[in-house]
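The structure under discussion appears below in the form of structure tokens.
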Amino acid sequence: MRFRLTSLLFFTVFFFHACAQDTAYEYKKATRDGIGKFYMGREIAAVMGVGGSFWLERDNRDEEEGTSMAVEKMPLNSNSIVADIGAGSGYYSFRISERVTRGKVYALEIQEGMLELLRARKKMLKDNRVEVKACTPQSLQLPPASLDLALMVDVYHELEFPREMLQSVYQSLKDNGKLLLIEFRGEDPEVAIKPLHKTTVEQLNRELGANGFKLSYRGDFMQVQHFLLYEKIPQFFSGQSTSH
């Protein structure tokens, strides 16, 4: 009887904890390119697989997007510690590495295929500043207060657990650390990207504001994307538990 009561108690606590974590999301029939999971009214987009890596490395990407200017505008110095979240093929990771000559870049991925591409590229370039590392859909798997900059390039809209991941980013950033989102402009119908793979500043500010971030700089210099730099709201999670 004692064993049954203990097991029942454990199951009850686990069940209510899981429900509490899940109340942030709604579930409906998936639309095209979506997963049927919604956060603050926005359907989460399906993740681009390793088969799309060629698109990340296309020869005219800088011309189409302005990626060189984006790297130039990032708040980096030679000692910066950076996390490139959803690094993909490492297009940004290894360009950032050239600026942080005494720092480090964590190239984080959840897909083994992408991790293999990153490892191969690191070996080819003989890079000693990029650390290829697996993360989870809910956590960076990095130490608290370890990052100067967390970066997501065309990634945020695909996060399966945006709430938990943002809280993990919050914990992993130093007090003066920044979160940079580069996202295709959802306000602009002329941007020829699937709707779920574009986002608006209004929606991003709402979601990030609910998780401890405020917009500190909006760059409008990229051709088709937002360049949005967020800072931590001090003590936002004080007295609350966060997922890391």
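Going through the structure tokens in order, the chains are called A, B, and so on, while each chain numbers its residues from 1 and the ligands are numbered from 1 in the order shown.
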
Check your understanding: Could you write out, as a ChimeraX atom specification, all the residues of region 1-243 of chain A that DSSP marks as helix (DSSP H, G or I)?
Key -> /A:2-22,50-56,61-65,67-73,93-97,112-125,156-158,162-172,195-197,201-209

Output as CSV one row per residue of region 143-173 of chain A within 12 Å of region 57-74 of chain A: the closest atom pair and its distance in Å to one decimal place, counting only C-alpha atoms, sorted by chain and residue number ascending.
```
residue,atom,partner,partner_atom,distance
A:Asp148,CA,A:Met74,CA,11.0
A:Leu149,CA,A:Met74,CA,8.7
A:Ala150,CA,A:Met74,CA,10.5
A:Leu151,CA,A:Met74,CA,9.5
A:Val153,CA,A:Thr67,CA,10.2
A:Asp154,CA,A:Glu65,CA,11.5
```

**Study point:** strand (DSSP E or B) call set, DSSP backbone run, region 63-117 of chain A, as a list of chain:residue names
**Key:**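 Here are the strand (DSSP E or B) residues of region 63-117 of chain A: A:Ile81, A:Val82, A:Ala83, A:Asp84, A:Ile85, A:Lys104, A:Val105, A:Tyr106, A:Ala107, A:Leu108, A:Glu109.
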
Closest atom pairs, region 26-134 of chain A residues within 7 Å of region 156-172 of chain A, only C-alpha atoms, as a tab-separated table:
```
residue	atom	partner	partner_atom	distance
A:Ile44	CA	A:Glu158	CA	5.7
A:Ala45	CA	A:Glu158	CA	4.8
A:Ala46	CA	A:Glu158	CA	5.9
A:Val47	CA	A:Glu158	CA	5.5
```

File dump, residues just selected, C-alpha atoms, as an mmCIF file, in the first residue's frame:
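Output saved as again.cif:
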```
data_model
loop_
_atom_site.group_PDB
_atom_site.id
_atom_site.type_symbol
_atom_site.label_atom_id
_atom_site.label_comp_id
_atom_site.auth_asym_id
_atom_site.auth_seq_id
_atom_site.Cartn_x
_atom_site.Cartn_y
_atom_site.Cartn_z
ATOM 1 C CA ILE A 44 5.845 27.212 -34.746
ATOM 2 C CA ALA A 45 7.451 26.381 -38.091
ATOM 3 C CA ALA A 46 8.852 22.987 -38.980
ATOM 4 C CA VAL A 47 12.634 22.720 -38.701
#
```
